[in-house]
Amino acid sequence: MATIFSRIIAGEIPSYKVAENDQFFAFLDINPMAKGHTLVVPKQEVDYLFDLDDKTLGDMQIFAKKVAKAIEKAVPCKRVGQMVIGLEVPHAHIHLIPINKESDMVLSNPKLKLATEEFQEIAKKINDAFAEENK
Ligand code: 5GP
């Protein structure tokens, strides 16, 4: 059965998409640790990030870098932190999280509750910045 992320990539489940290319898809985390918290996933359905072949993992990190640059432009923050967990959804993904201090990366922090319009607005800003950077 397809993972929830494959169903998001296929458009069967809605998401706030921020970027896409032929190999990867990036969208806002539905339970964000910060405004702009984004997940980068390969279209190839592999459970564990570190089981990806070297070329795909390298390409994914480069794609994540481009998304991180777009997040930096769209969301006020000192840095974009990167995290890999993968215990909840069995489809490899990288978390990109706008941060201002170390504790912004603590997983047990309460998650933000955002309105649909806020998700849409953030996704559009990141998507616009990504398109501008990569035209
Ligand atoms: P992990 O597998 O890295 O522990 O966590 C999975 C992440 O995916 C969580 O941060 C969770 O909020 C996010 N997530 C799980 N299901 C969905 C979903 O259907 N849509 C979106 N946008 N994010 C999801």
# chains A, B, ... in the order shown; residues from 1 in each chain; ligands from 1

call {"tool": "residues_around", "arguments": {"residues": "Ala2 of chain A", "least_positions_apart": "3", "cutoff": "12 Å", "atoms": "only C-alpha atoms", "output": "ChimeraX atom specification"}}
result
/A:5-10,12-13,43-47,89-91

call {"tool": "residues_near_ligand", "arguments": {"ligand": "ligand 1", "cutoff": "7 Å", "atoms": "only C-alpha atoms and all ligand atoms", "output": "ChimeraX atom specification"}}
result
/A:4-5,15-16,27-32,84-90,93

call {"tool": "write_last_selection", "arguments": {"atoms": "N, CA, C and O atoms", "output": "mmCIF file, in the first residue's frame"}}
result
data_model
loop_
_atom_site.group_PDB
_atom_site.id
_atom_site.type_symbol
_atom_site.label_atom_id
_atom_site.label_comp_id
_atom_site.auth_asym_id
_atom_site.auth_seq_id
_atom_site.Cartn_x
_atom_site.Cartn_y
_atom_site.Cartn_z
ATOM 1 N N ILE A 4 1.526 7.447 3.067
ATOM 2 C CA ILE A 4 0.773 8.709 3.074
ATOM 3 C C ILE A 4 1.511 9.774 2.263
ATOM 4 O O ILE A 4 0.874 10.590 1.578
ATOM 5 N N PHE A 5 2.841 9.729 2.276
ATOM 6 C CA PHE A 5 3.586 10.731 1.514
ATOM 7 C C PHE A 5 3.472 10.467 0.006
ATOM 8 O O PHE A 5 3.398 11.409 -0.789
ATOM 9 N N SER A 15 -1.975 18.783 0.239
ATOM 10 C CA SER A 15 -0.821 19.258 1.023
ATOM 11 C C SER A 15 -0.540 20.694 0.626
ATOM 12 O O SER A 15 -1.050 21.177 -0.385
ATOM 13 N N TYR A 16 0.279 21.346 1.433
ATOM 14 C CA TYR A 16 0.734 22.699 1.110
ATOM 15 C C TYR A 16 2.105 22.557 0.470
ATOM 16 O O TYR A 16 3.132 22.566 1.160
ATOM 17 N N PHE A 27 6.798 19.874 1.041
ATOM 18 C CA PHE A 27 5.508 20.405 1.479
ATOM 19 C C PHE A 27 5.575 20.706 2.968
ATOM 20 O O PHE A 27 6.447 20.196 3.685
ATOM 21 N N LEU A 28 4.637 21.557 3.428
ATOM 22 C CA LEU A 28 4.651 21.945 4.840
ATOM 23 C C LEU A 28 4.225 20.797 5.727
ATOM 24 O O LEU A 28 3.262 20.073 5.421
ATOM 25 N N ASP A 29 4.941 20.631 6.848
ATOM 26 C CA ASP A 29 4.531 19.653 7.863
ATOM 27 C C ASP A 29 3.209 20.112 8.467
ATOM 28 O O ASP A 29 3.043 21.299 8.787
ATOM 29 N N ILE A 30 2.280 19.193 8.616
ATOM 30 C CA ILE A 30 0.941 19.547 9.085
ATOM 31 C C ILE A 30 0.928 19.856 10.595
ATOM 32 O O ILE A 30 0.011 20.518 11.091
ATOM 33 N N ASN A 31 1.947 19.397 11.315
ATOM 34 C CA ASN A 31 2.097 19.699 12.756
ATOM 35 C C ASN A 31 3.421 20.424 12.968
ATOM 36 O O ASN A 31 4.372 19.860 13.524
ATOM 37 N N PRO A 32 3.503 21.669 12.524
ATOM 38 C CA PRO A 32 4.818 22.323 12.446
ATOM 39 C C PRO A 32 5.422 22.699 13.793
ATOM 40 O O PRO A 32 4.727 23.130 14.706
ATOM 41 N N VAL A 84 16.450 14.540 10.787
ATOM 42 C CA VAL A 84 15.927 13.284 10.236
ATOM 43 C C VAL A 84 15.443 12.439 11.398
ATOM 44 O O VAL A 84 16.201 12.198 12.345
ATOM 45 N N ILE A 85 14.181 12.028 11.350
ATOM 46 C CA ILE A 85 13.654 11.140 12.394
ATOM 47 C C ILE A 85 13.109 9.889 11.693
ATOM 48 O O ILE A 85 13.755 8.852 11.683
ATOM 49 N N GLY A 86 11.906 10.025 11.145
ATOM 50 C CA GLY A 86 11.397 8.927 10.316
ATOM 51 C C GLY A 86 10.737 7.799 11.083
ATOM 52 O O GLY A 86 10.526 6.718 10.537
ATOM 53 N N LEU A 87 10.407 8.034 12.348
ATOM 54 C CA LEU A 87 9.787 6.950 13.124
ATOM 55 C C LEU A 87 8.276 6.882 12.909
ATOM 56 O O LEU A 87 7.645 5.878 13.199
ATOM 57 N N GLU A 88 7.690 7.965 12.396
ATOM 58 C CA GLU A 88 6.229 8.011 12.274
ATOM 59 C C GLU A 88 5.755 7.592 10.885
ATOM 60 O O GLU A 88 4.816 6.807 10.763
ATOM 61 N N VAL A 89 6.392 8.110 9.871
ATOM 62 C CA VAL A 89 5.959 7.818 8.496
ATOM 63 C C VAL A 89 7.063 7.022 7.791
ATOM 64 O O VAL A 89 8.196 7.500 7.685
ATOM 65 N N PRO A 90 6.739 5.814 7.303
ATOM 66 C CA PRO A 90 7.763 4.954 6.692
ATOM 67 C C PRO A 90 8.054 5.326 5.235
ATOM 68 O O PRO A 90 7.919 4.504 4.316
ATOM 69 N N HIS A 93 12.277 11.048 4.671
ATOM 70 C CA HIS A 93 12.026 12.491 4.588
ATOM 71 C C HIS A 93 13.017 13.252 5.448
ATOM 72 O O HIS A 93 13.501 12.754 6.458
#

call {"tool": "select_by_dssp", "arguments": {"residues": "segment 13-133 of chain A", "states": "helix (DSSP H, G or I)", "output": "PyMOL selection string"}}
result
chain A and resi 49-51+54-74+102-105+116-133

call {"tool": "atom_distance", "arguments": {"atom1": "atom CA of Arg79 of chain A", "atom2": "atom CA of Lys113 of chain A"}}
result
21.8 Å

call {"tool": "closest_residue", "arguments": {"among": "A:Lys101, A:Lys135, A:His37, A:Lys17", "to": "Lys78 of chain A", "atoms": "only C-alpha atoms"}}
result
A:Lys101

call {"tool": "residues_around", "arguments": {"residues": "segment 116-126 of chain A", "least_positions_apart": "6", "cutoff": "12 Å", "atoms": "only C-alpha atoms", "output": "PyMOL selection string"}}
result
chain A and resi 14-20+26-32+34-39+66-76+98+132-133
